[in-house]
Protein chains: 2
Amino acid sequence: MPPVTSADPITDFAQLRDMVRHLPPPDLAAAAACRARDAELTKPAGALGRLEELAEWLAAWQGRHPPRLERVLILVFVGWHEIARRGVSAYPAEVTDQMVANFAAGGAAINQLARLAGAELRVVPVGQGRPAHDFTQRPAMSEAGCLRAIEIGIGALPWDVDLLAIGEMGIANTTPAAAMAAALAGEGGGRWAGPGTGLDPEGVSRKAAVIDQALARHRGAMTDPLEILRHVGGREHAAMLGAVLAGRLRRIPVMLDGFTATVPAAVLEAIEPGAAGHCQVGHCSAEPGHRRLLEQIGRRPLLDLGMRLGEASGAALAIQLARAAVACHNGMATFASAKVDQRA
Amino acid sequence: MPPVTSADPITDFAQLRDMVRHLPPPDLAAAAACRARDAELTKPAGALGRLEELAEWLAAWQGRHPPRLERVLILVFVGWHEIARRGVSAYPAEVTDQMVANFAAGGAAINQLARLAGAELRVVPVGQGRPAHDFTQRPAMSEAGCLRAIEIGIGALPWDVDLLAIGEMGIANTTPAAAMAAALAGEGGGRWAGPGTGLDPEGVSRKAAVIDQALARHRGAMTDPLEILRHVGGREHAAMLGAVLAGRLRRIPVMLDGFTATVPAAVLEAIEPGAAGHCQVGHCSAEPGHRRLLEQIGRRPLLDLGMRLGEASGAALAIQLARAAVACHNGMATFASAKVDQRA
């Protein structure tokens, strides 16, 4: 497998593409061991529904049976966007820095949810002071800048994590997310622009127009999914792509958050179908583009609670479901040990 | 409010009906205080979706702002059924006693899920050695027996609980649950019989026929929802009705589990619309009747994970969502305290 340490930086998109096309597969033996034990547990076959699926998913992608959830990490990648000046968010651009301070002080939603999930929370600023460029005017990032953000994402993930949840924060960052989704789908901004943090209909139209302007400008240059990321994405999206990739290389399953966090996984899937196979989607965002994107990449979210906050909030809730899956799988008695009769 | 202590037993269905028709309302002031604080928290309005709804629901029905989740109790009511002899379950009737032993030994799914949710688990046998009668032949319970089971449910709930989750176990008990749902809806058994723990299609047909036989026999006597419960229900269903009622009287919100646990709430709703207003439905069971029943009583489940185990397993998972709601509502910073700008 190609090197992914900071000592060996990824030199260009060609090397990264090659890496994405040669990712390690799931551990089918661990998955089979998981199914075999599941069949012995004191419950009807299938009665724990998606908890059974989660236990097997963790085993397959951790490469270990029984699966383990000792160290769970939540990474929240923060990005800054020149595009925020174009009236595409309900909040002023200053809120990004203010929320970073709020994360540090423990006052945000994700601080409470991480504690409840028994997860470590790290907030990773990506390019503070160097916002992604206004992509209606020029590419959002250079190739080197995009790779640097990807490496920040790779470097943010320690090797001994059992489950990684990723999310983001960055005023205006649903605009690049929607622009990437539109470019991946070959569709216009009107299909993908949504209210984000609470834009009014006029704002959503403005957002769609900004996206269409960017798509028109960069159409010829967006020759592959990484070029889409570079031209109309944000640094936090690039970092999330790196973290997802690092999870795969280090046998760490990944729990995705909402729309903005799913787009980088969709970029990987567009490079190589199955490249985000080690990811579950924690929660379907109320941001309309998320449900559409999940249909396109064929994923069923675990939760659907009408949330649209980002910050890995939906992924943090889904960590609890993964914990439930492991608690049942590893802790339940078997028919034999508990002397419970099997089916008549 | 009518007395509901064991010193003052409910004397007959008429008294119980009167009690259900005069239940205490939600605390609208606590709900308003919850909404007012929510608007100040460092997140876009509405961005926590159903977590915001849960915080307000807890405040309204606890009669307290901020809401509290210190003591959370899971009650699993266990019942025995003569109808199990008619081939309506995939498992032999002996499994009920075996699972009671498994609960006591800590080997069942709910033992693991209760621990994870930080909840106390109590398993309450209702009429061990006195199964509900085969209701194709005679009423499942006498009025006195049904009231006794209801009082077991009432008596199982301590006063100082902040949230109650209820569930059940009892081989064959989806048959009485489906019979009650069919009788409440004025429909046949074929509309409500499902595979339960995993019946094959032939078994499901047999179950539907057993229900139709019971409905035909008791149609004239099932003159109100409590008579439906008594004629074709089980003792654990009656006890769950009592526990739901006790929750309302003691300002303890109730988290319902799957199909079998929702039917008693539907019985209360049929007596008096809104009588189960203090209940949330934790999880939509894969048992097909549950989704239909939830549509009939106008409830949206919190989770939909394809589970069909009972044991309060779905409700236990939803406790975590209630904890998340309270953690965010009570723990987050406000725009003013965190110096975060509000909407532009």
# chains A, B, ... in the order shown; residues from 1 in each chain; ligands from 1
$ select_by_dssp --residues "stretch 11-249 of chain A" --states "strand (DSSP E)" --output "JSON, numbers by chain"
{"A": [72, 73, 74, 75, 76, 77, 78, 120, 121, 122, 123, 124, 125, 163, 164, 165, 166, 167, 168, 169]}
$ residues_around --residues "B:Pro301" --least-positions-apart "2" --cutoff "10 Å" --atoms "only C-alpha atoms" --output "mmCIF file with N, CA and C atoms, in the first residue's frame"
data_model
loop_
_atom_site.group_PDB
_atom_site.id
_atom_site.type_symbol
_atom_site.label_atom_id
_atom_site.label_comp_id
_atom_site.auth_asym_id
_atom_site.auth_seq_id
_atom_site.Cartn_x
_atom_site.Cartn_y
_atom_site.Cartn_z
ATOM 1 N N LEU A 305 -33.294 12.200 11.879
ATOM 2 C CA LEU A 305 -33.907 12.955 12.976
ATOM 3 C C LEU A 305 -34.104 14.430 12.628
ATOM 4 N N LEU B 256 -41.894 4.200 24.403
ATOM 5 C CA LEU B 256 -42.449 2.899 24.028
ATOM 6 C C LEU B 256 -41.475 2.153 23.137
ATOM 7 N N ASP B 257 -41.554 0.829 23.209
ATOM 8 C CA ASP B 257 -40.739 -0.013 22.335
ATOM 9 C C ASP B 257 -41.543 -0.310 21.059
ATOM 10 N N GLY B 258 -41.586 -1.523 20.627
ATOM 11 C CA GLY B 258 -42.130 -1.890 19.323
ATOM 12 C C GLY B 258 -43.637 -2.086 19.275
ATOM 13 N N GLN B 280 -43.368 8.698 23.659
ATOM 14 C CA GLN B 280 -42.709 8.696 22.359
ATOM 15 C C GLN B 280 -42.529 7.233 21.956
ATOM 16 N N VAL B 281 -42.440 7.007 20.670
ATOM 17 C CA VAL B 281 -42.194 5.652 20.184
ATOM 18 C C VAL B 281 -40.712 5.568 19.814
ATOM 19 N N GLY B 282 -39.983 4.713 20.511
ATOM 20 C CA GLY B 282 -38.538 4.676 20.373
ATOM 21 C C GLY B 282 -38.070 4.167 19.024
ATOM 22 N N HIS B 283 -38.766 3.181 18.492
ATOM 23 C CA HIS B 283 -38.267 2.484 17.301
ATOM 24 C C HIS B 283 -39.440 1.863 16.551
ATOM 25 N N CYS B 284 -39.411 1.966 15.240
ATOM 26 C CA CYS B 284 -40.435 1.301 14.427
ATOM 27 C C CYS B 284 -39.993 -0.119 14.151
ATOM 28 N N SER B 285 -40.746 -1.060 14.658
ATOM 29 C CA SER B 285 -40.393 -2.466 14.509
ATOM 30 C C SER B 285 -40.494 -2.918 13.059
ATOM 31 N N HIS B 290 -46.578 -2.664 13.161
ATOM 32 C CA HIS B 290 -46.192 -1.502 13.953
ATOM 33 C C HIS B 290 -46.320 -0.206 13.159
ATOM 34 N N ARG B 291 -45.783 -0.221 11.926
ATOM 35 C CA ARG B 291 -45.853 0.992 11.107
ATOM 36 C C ARG B 291 -47.308 1.397 10.881
ATOM 37 N N LEU B 294 -48.725 2.874 14.080
ATOM 38 C CA LEU B 294 -48.198 4.219 14.327
ATOM 39 C C LEU B 294 -48.893 5.246 13.437
ATOM 40 N N GLY B 298 -51.013 8.270 14.756
ATOM 41 C CA GLY B 298 -50.349 9.532 14.410
ATOM 42 C C GLY B 298 -49.018 9.762 15.096
ATOM 43 N N ARG B 299 -48.207 8.719 15.206
ATOM 44 C CA ARG B 299 -46.910 8.875 15.857
ATOM 45 C C ARG B 299 -45.766 8.568 14.903
ATOM 46 N N LEU B 303 -36.499 5.957 15.859
ATOM 47 C CA LEU B 303 -35.524 5.116 15.163
ATOM 48 C C LEU B 303 -36.239 4.148 14.240
ATOM 49 N N ASP B 304 -35.517 3.705 13.218
ATOM 50 C CA ASP B 304 -36.084 2.756 12.263
ATOM 51 C C ASP B 304 -34.924 1.888 11.784
ATOM 52 N N GLY B 314 -35.591 -1.409 21.357
ATOM 53 C CA GLY B 314 -35.668 -0.173 20.574
ATOM 54 C C GLY B 314 -35.827 1.042 21.476
ATOM 55 N N ALA B 315 -36.619 0.897 22.523
ATOM 56 C CA ALA B 315 -36.808 2.007 23.474
ATOM 57 C C ALA B 315 -35.495 2.323 24.180
ATOM 58 N N ALA B 318 -33.425 4.454 22.107
ATOM 59 C CA ALA B 318 -33.966 5.819 22.035
ATOM 60 C C ALA B 318 -33.701 6.605 23.314
#
$ residues_around --residues "A:Ala132" --least-positions-apart "2" --cutoff "12 Å" --atoms "only C-alpha atoms" --output "ChimeraX atom specification"
/A:78-85,126-130,134-142,145-146,149,170-173,175-176,229-238
$ closest_atom_pairs --of "chain B" --to "chain A" --cutoff "6 Å" --atoms "only C-alpha atoms" --output "tab-separated table"
residue	atom	partner	partner_atom	distance
B:Pro44	CA	A:Thr197	CA	5.9
B:Ala47	CA	A:Arg308	CA	4.8
B:Leu48	CA	A:Met307	CA	4.6
B:Gly49	CA	A:Met307	CA	4.3
B:Arg50	CA	A:Leu305	CA	5.3
B:Ala90	CA	A:Arg343	CA	5.7
B:Tyr91	CA	A:Arg343	CA	4.7
B:Pro92	CA	A:Ala344	CA	5.5
B:Gln98	CA	A:Val340	CA	5.4
B:Gly107	CA	A:Ala333	CA	4.4
B:Ala108	CA	A:Met332	CA	5.5
B:Ala109	CA	A:Cys328	CA	5.5
B:Gln112	CA	A:Ala327	CA	5.7
B:Thr197	CA	A:Pro44	CA	5.9
B:Leu305	CA	A:Arg50	CA	5.3
B:Gly306	CA	A:Gly49	CA	4.4
B:Met307	CA	A:Gly49	CA	4.3
B:Arg308	CA	A:Ala47	CA	4.8
B:Leu309	CA	A:Ala47	CA	5.0
B:Ala327	CA	A:Gln112	CA	5.7
B:Cys328	CA	A:Ala109	CA	5.5
B:Met332	CA	A:Gly107	CA	4.7
B:Ala333	CA	A:Gly107	CA	4.4
B:Val340	CA	A:Gln98	CA	5.4
B:Arg343	CA	A:Tyr91	CA	4.7
B:Ala344	CA	A:Tyr91	CA	5.0
$ write_last_selection --atoms "N, CA and C atoms" --output "CSV table (one decimal), in the first residue's frame"
chain,number,residue,atom,x,y,z
B,44,PRO,N,-28.1,27.1,14.6
B,44,PRO,CA,-29.3,27.7,13.9
B,44,PRO,C,-30.6,27.1,14.5
B,47,ALA,N,-31.9,23.4,14.1
B,47,ALA,CA,-30.8,22.5,13.5
B,47,ALA,C,-30.6,21.2,14.2
B,48,LEU,N,-31.2,21.1,15.5
B,48,LEU,CA,-31.1,19.8,16.1
B,48,LEU,C,-32.3,18.9,15.9
B,49,GLY,N,-33.2,19.4,15.1
B,49,GLY,CA,-34.3,18.5,14.7
B,49,GLY,C,-35.1,17.9,15.8
B,50,ARG,N,-35.2,16.6,15.8
B,50,ARG,CA,-36.0,15.9,16.8
B,50,ARG,C,-35.4,16.0,18.2
B,90,ALA,N,-42.6,-18.9,16.3
B,90,ALA,CA,-41.5,-19.7,15.8
B,90,ALA,C,-40.8,-20.4,17.0
B,91,TYR,N,-41.1,-20.1,18.2
B,91,TYR,CA,-40.3,-20.6,19.4
B,91,TYR,C,-41.3,-21.3,20.3
B,92,PRO,N,-40.8,-22.4,21.0
B,92,PRO,CA,-41.6,-23.1,22.0
B,92,PRO,C,-41.9,-22.2,23.2
B,98,GLN,N,-37.2,-19.5,30.0
B,98,GLN,CA,-35.7,-19.5,29.8
B,98,GLN,C,-35.2,-18.1,29.6
B,107,GLY,N,-27.7,-12.0,30.2
B,107,GLY,CA,-27.3,-12.4,28.9
B,107,GLY,C,-28.1,-12.0,27.7
B,108,ALA,N,-29.2,-11.3,28.0
B,108,ALA,CA,-30.1,-10.9,26.9
B,108,ALA,C,-29.6,-9.6,26.3
B,109,ALA,N,-30.1,-9.2,25.1
B,109,ALA,CA,-29.8,-8.0,24.4
B,109,ALA,C,-30.1,-6.8,25.3
B,112,GLN,N,-27.5,-5.7,27.9
B,112,GLN,CA,-26.4,-4.9,27.3
B,112,GLN,C,-26.8,-3.5,27.0
B,197,THR,N,-41.4,-13.3,15.9
B,197,THR,CA,-40.0,-13.7,16.0
B,197,THR,C,-39.4,-14.5,14.8
B,305,LEU,N,-34.6,0.9,12.6
B,305,LEU,CA,-33.3,0.1,12.4
B,305,LEU,C,-33.6,-1.3,12.0
B,306,GLY,N,-34.9,-1.6,11.7
B,306,GLY,CA,-35.2,-3.0,11.2
B,306,GLY,C,-35.2,-4.0,12.4
B,307,MET,N,-35.2,-3.5,13.6
B,307,MET,CA,-35.2,-4.5,14.7
B,307,MET,C,-36.6,-5.0,15.0
B,308,ARG,N,-36.7,-6.2,15.6
B,308,ARG,CA,-38.0,-6.8,15.9
B,308,ARG,C,-37.8,-7.8,17.0
B,309,LEU,N,-37.1,-7.3,18.1
B,309,LEU,CA,-36.8,-8.2,19.2
B,309,LEU,C,-37.7,-8.1,20.4
B,327,ALA,N,-28.6,16.7,27.1
B,327,ALA,CA,-27.2,17.1,27.1
B,327,ALA,C,-27.0,18.4,26.3
B,328,CYS,N,-27.5,18.4,25.1
B,328,CYS,CA,-27.4,19.6,24.3
B,328,CYS,C,-28.2,20.8,24.9
B,332,MET,N,-25.3,23.3,26.3
B,332,MET,CA,-24.7,24.2,25.3
B,332,MET,C,-24.6,25.6,25.8
B,333,ALA,N,-23.7,26.3,25.2
B,333,ALA,CA,-23.5,27.8,25.4
B,333,ALA,C,-24.6,28.5,24.7
B,340,VAL,N,-21.0,34.5,20.1
B,340,VAL,CA,-21.2,34.0,18.7
B,340,VAL,C,-22.3,34.9,18.1
B,343,ARG,N,-27.9,35.3,13.4
B,343,ARG,CA,-28.1,35.4,11.9
B,343,ARG,C,-27.7,36.8,11.4
B,344,ALA,N,-27.2,36.8,10.2
B,344,ALA,CA,-26.8,38.1,9.6
B,344,ALA,C,-28.1,38.9,9.3
$ residues_around --residues "B:Leu58" --least-positions-apart "2" --cutoff "10 Å" --atoms "only C-alpha atoms" --output "NGL selection string"
:B and (26-27 or 30-31 or 34 or 53-56 or 60-69 or 162-163 or 251-254 or 278-280 or 322 or 325-326)
$ closest_residue --among "A:Leu226, A:Val88, A:Ala276, A:Val124" --to "A:Ile154" --atoms "only C-alpha atoms"
A:Val124
$ select_by_dssp --residues "stretch 42-272 of chain B" --states "alpha helix (DSSP H)" --output "PyMOL selection string"
chain B and resi 50-62+95-105+109-116+143-155+174-185+201-218+225-232+235-249+259-271
$ decode --residues "stretch 220-233 of chain B" --atoms "all heavy atoms" --output "PDB file, in the first residue's frame"
ATOM      1  N   GLY B 220     -69.231  -9.376  19.997  1.00  0.00           N
ATOM      2  CA  GLY B 220     -70.329  -8.727  20.718  1.00  0.00           C
ATOM      3  C   GLY B 220     -69.918  -8.212  22.085  1.00  0.00           C
ATOM      4  O   GLY B 220     -70.468  -7.221  22.574  1.00  0.00           O
ATOM      5  N   ALA B 221     -68.923  -8.856  22.696  1.00  0.00           N
ATOM      6  CA  ALA B 221     -68.529  -8.486  24.067  1.00  0.00           C
ATOM      7  C   ALA B 221     -67.465  -7.394  24.099  1.00  0.00           C
ATOM      8  O   ALA B 221     -67.264  -6.757  25.137  1.00  0.00           O
ATOM      9  CB  ALA B 221     -68.005  -9.720  24.795  1.00  0.00           C
ATOM     10  N   MET B 222     -66.789  -7.187  22.971  1.00  0.00           N
ATOM     11  CA  MET B 222     -65.692  -6.202  22.972  1.00  0.00           C
ATOM     12  C   MET B 222     -66.265  -4.816  22.707  1.00  0.00           C
ATOM     13  O   MET B 222     -66.047  -4.209  21.660  1.00  0.00           O
ATOM     14  CB  MET B 222     -64.634  -6.594  21.950  1.00  0.00           C
ATOM     15  CG  MET B 222     -63.941  -7.921  22.345  1.00  0.00           C
ATOM     16  SD  MET B 222     -62.413  -8.264  21.448  1.00  0.00           S
ATOM     17  CE  MET B 222     -62.998  -8.385  19.757  1.00  0.00           C
ATOM     18  N   THR B 223     -66.982  -4.315  23.694  1.00  0.00           N
ATOM     19  CA  THR B 223     -67.761  -3.090  23.525  1.00  0.00           C
ATOM     20  C   THR B 223     -66.950  -1.822  23.752  1.00  0.00           C
ATOM     21  O   THR B 223     -67.432  -0.735  23.479  1.00  0.00           O
ATOM     22  CB  THR B 223     -68.938  -3.094  24.524  1.00  0.00           C
ATOM     23  OG1 THR B 223     -68.397  -3.402  25.825  1.00  0.00           O
ATOM     24  CG2 THR B 223     -69.961  -4.156  24.140  1.00  0.00           C
ATOM     25  N   ASP B 224     -65.757  -1.961  24.273  1.00  0.00           N
ATOM     26  CA  ASP B 224     -64.890  -0.781  24.421  1.00  0.00           C
ATOM     27  C   ASP B 224     -63.440  -1.232  24.466  1.00  0.00           C
ATOM     28  O   ASP B 224     -63.165  -2.436  24.554  1.00  0.00           O
ATOM     29  CB  ASP B 224     -65.306   0.068  25.635  1.00  0.00           C
ATOM     30  CG  ASP B 224     -64.484  -0.235  26.868  1.00  0.00           C
ATOM     31  OD1 ASP B 224     -64.189  -1.423  27.113  1.00  0.00           O
ATOM     32  OD2 ASP B 224     -64.123   0.717  27.577  1.00  0.00           O
ATOM     33  N   PRO B 225     -62.492  -0.297  24.387  1.00  0.00           N
ATOM     34  CA  PRO B 225     -61.075  -0.693  24.298  1.00  0.00           C
ATOM     35  C   PRO B 225     -60.606  -1.567  25.459  1.00  0.00           C
ATOM     36  O   PRO B 225     -59.790  -2.475  25.250  1.00  0.00           O
ATOM     37  CB  PRO B 225     -60.341   0.655  24.268  1.00  0.00           C
ATOM     38  CG  PRO B 225     -61.323   1.594  23.648  1.00  0.00           C
ATOM     39  CD  PRO B 225     -62.647   1.170  24.180  1.00  0.00           C
ATOM     40  N   LEU B 226     -61.091  -1.328  26.671  1.00  0.00           N
ATOM     41  CA  LEU B 226     -60.664  -2.167  27.797  1.00  0.00           C
ATOM     42  C   LEU B 226     -61.220  -3.581  27.665  1.00  0.00           C
ATOM     43  O   LEU B 226     -60.557  -4.555  28.052  1.00  0.00           O
ATOM     44  CB  LEU B 226     -61.096  -1.546  29.135  1.00  0.00           C
ATOM     45  CG  LEU B 226     -60.367  -0.258  29.523  1.00  0.00           C
ATOM     46  CD1 LEU B 226     -60.970   0.334  30.796  1.00  0.00           C
ATOM     47  CD2 LEU B 226     -58.868  -0.512  29.706  1.00  0.00           C
ATOM     48  N   GLU B 227     -62.406  -3.711  27.106  1.00  0.00           N
ATOM     49  CA  GLU B 227     -62.962  -5.052  26.884  1.00  0.00           C
ATOM     50  C   GLU B 227     -62.184  -5.778  25.777  1.00  0.00           C
ATOM     51  O   GLU B 227     -62.057  -7.003  25.809  1.00  0.00           O
ATOM     52  CB  GLU B 227     -64.454  -4.970  26.545  1.00  0.00           C
ATOM     53  CG  GLU B 227     -65.343  -4.520  27.719  1.00  0.00           C
ATOM     54  CD  GLU B 227     -65.380  -5.513  28.882  1.00  0.00           C
ATOM     55  OE1 GLU B 227     -64.888  -6.654  28.743  1.00  0.00           O
ATOM     56  OE2 GLU B 227     -65.885  -5.133  29.964  1.00  0.00           O
ATOM     57  N   ILE B 228     -61.680  -5.017  24.815  1.00  0.00           N
ATOM     58  CA  ILE B 228     -60.799  -5.621  23.802  1.00  0.00           C
ATOM     59  C   ILE B 228     -59.550  -6.175  24.486  1.00  0.00           C
ATOM     60  O   ILE B 228     -59.162  -7.323  24.273  1.00  0.00           O
ATOM     61  CB  ILE B 228     -60.427  -4.580  22.719  1.00  0.00           C
ATOM     62  CG1 ILE B 228     -61.649  -4.265  21.845  1.00  0.00           C
ATOM     63  CG2 ILE B 228     -59.255  -5.069  21.865  1.00  0.00           C
ATOM     64  CD1 ILE B 228     -61.428  -3.122  20.847  1.00  0.00           C
ATOM     65  N   LEU B 229     -58.938  -5.357  25.337  1.00  0.00           N
ATOM     66  CA  LEU B 229     -57.748  -5.794  26.079  1.00  0.00           C
ATOM     67  C   LEU B 229     -58.047  -7.063  26.881  1.00  0.00           C
ATOM     68  O   LEU B 229     -57.278  -8.029  26.855  1.00  0.00           O
ATOM     69  CB  LEU B 229     -57.295  -4.668  27.009  1.00  0.00           C
ATOM     70  CG  LEU B 229     -56.210  -4.994  28.032  1.00  0.00           C
ATOM     71  CD1 LEU B 229     -54.880  -5.301  27.342  1.00  0.00           C
ATOM     72  CD2 LEU B 229     -56.026  -3.823  29.017  1.00  0.00           C
ATOM     73  N   ARG B 230     -59.135  -7.072  27.587  1.00  0.00           N
ATOM     74  CA  ARG B 230     -59.483  -8.205  28.451  1.00  0.00           C
ATOM     75  C   ARG B 230     -59.782  -9.475  27.644  1.00  0.00           C
ATOM     76  O   ARG B 230     -59.372 -10.570  28.036  1.00  0.00           O
ATOM     77  CB  ARG B 230     -60.706  -7.821  29.285  1.00  0.00           C
ATOM     78  CG  ARG B 230     -61.341  -8.954  30.047  1.00  0.00           C
ATOM     79  CD  ARG B 230     -62.377  -8.440  30.998  1.00  0.00           C
ATOM     80  NE  ARG B 230     -63.748  -8.678  30.566  1.00  0.00           N
ATOM     81  CZ  ARG B 230     -64.352  -9.859  30.565  1.00  0.00           C
ATOM     82  NH1 ARG B 230     -63.696 -10.951  30.925  1.00  0.00           N
ATOM     83  NH2 ARG B 230     -65.610  -9.987  30.189  1.00  0.00           N
ATOM     84  N   HIS B 231     -60.457  -9.324  26.506  1.00  0.00           N
ATOM     85  CA  HIS B 231     -60.876 -10.508  25.750  1.00  0.00           C
ATOM     86  C   HIS B 231     -59.761 -11.122  24.919  1.00  0.00           C
ATOM     87  O   HIS B 231     -59.669 -12.343  24.820  1.00  0.00           O
ATOM     88  CB  HIS B 231     -62.086 -10.177  24.855  1.00  0.00           C
ATOM     89  CG  HIS B 231     -63.382 -10.180  25.594  1.00  0.00           C
ATOM     90  ND1 HIS B 231     -63.825  -9.079  26.317  1.00  0.00           N
ATOM     91  CD2 HIS B 231     -64.329 -11.150  25.777  1.00  0.00           C
ATOM     92  CE1 HIS B 231     -64.980  -9.369  26.886  1.00  0.00           C
ATOM     93  NE2 HIS B 231     -65.314 -10.620  26.570  1.00  0.00           N
ATOM     94  N   VAL B 232     -58.926 -10.288  24.275  1.00  0.00           N
ATOM     95  CA  VAL B 232     -57.927 -10.861  23.355  1.00  0.00           C
ATOM     96  C   VAL B 232     -56.499 -10.404  23.658  1.00  0.00           C
ATOM     97  O   VAL B 232     -55.584 -10.655  22.862  1.00  0.00           O
ATOM     98  CB  VAL B 232     -58.280 -10.574  21.864  1.00  0.00           C
ATOM     99  CG1 VAL B 232     -59.636 -11.182  21.514  1.00  0.00           C
ATOM    100  CG2 VAL B 232     -58.257  -9.073  21.552  1.00  0.00           C
ATOM    101  N   GLY B 233     -56.288  -9.754  24.791  1.00  0.00           N
ATOM    102  CA  GLY B 233     -54.949  -9.273  25.147  1.00  0.00           C
ATOM    103  C   GLY B 233     -54.215 -10.243  26.047  1.00  0.00           C
ATOM    104  O   GLY B 233     -54.652 -11.367  26.290  1.00  0.00           O
TER     105      GLY B 233
END
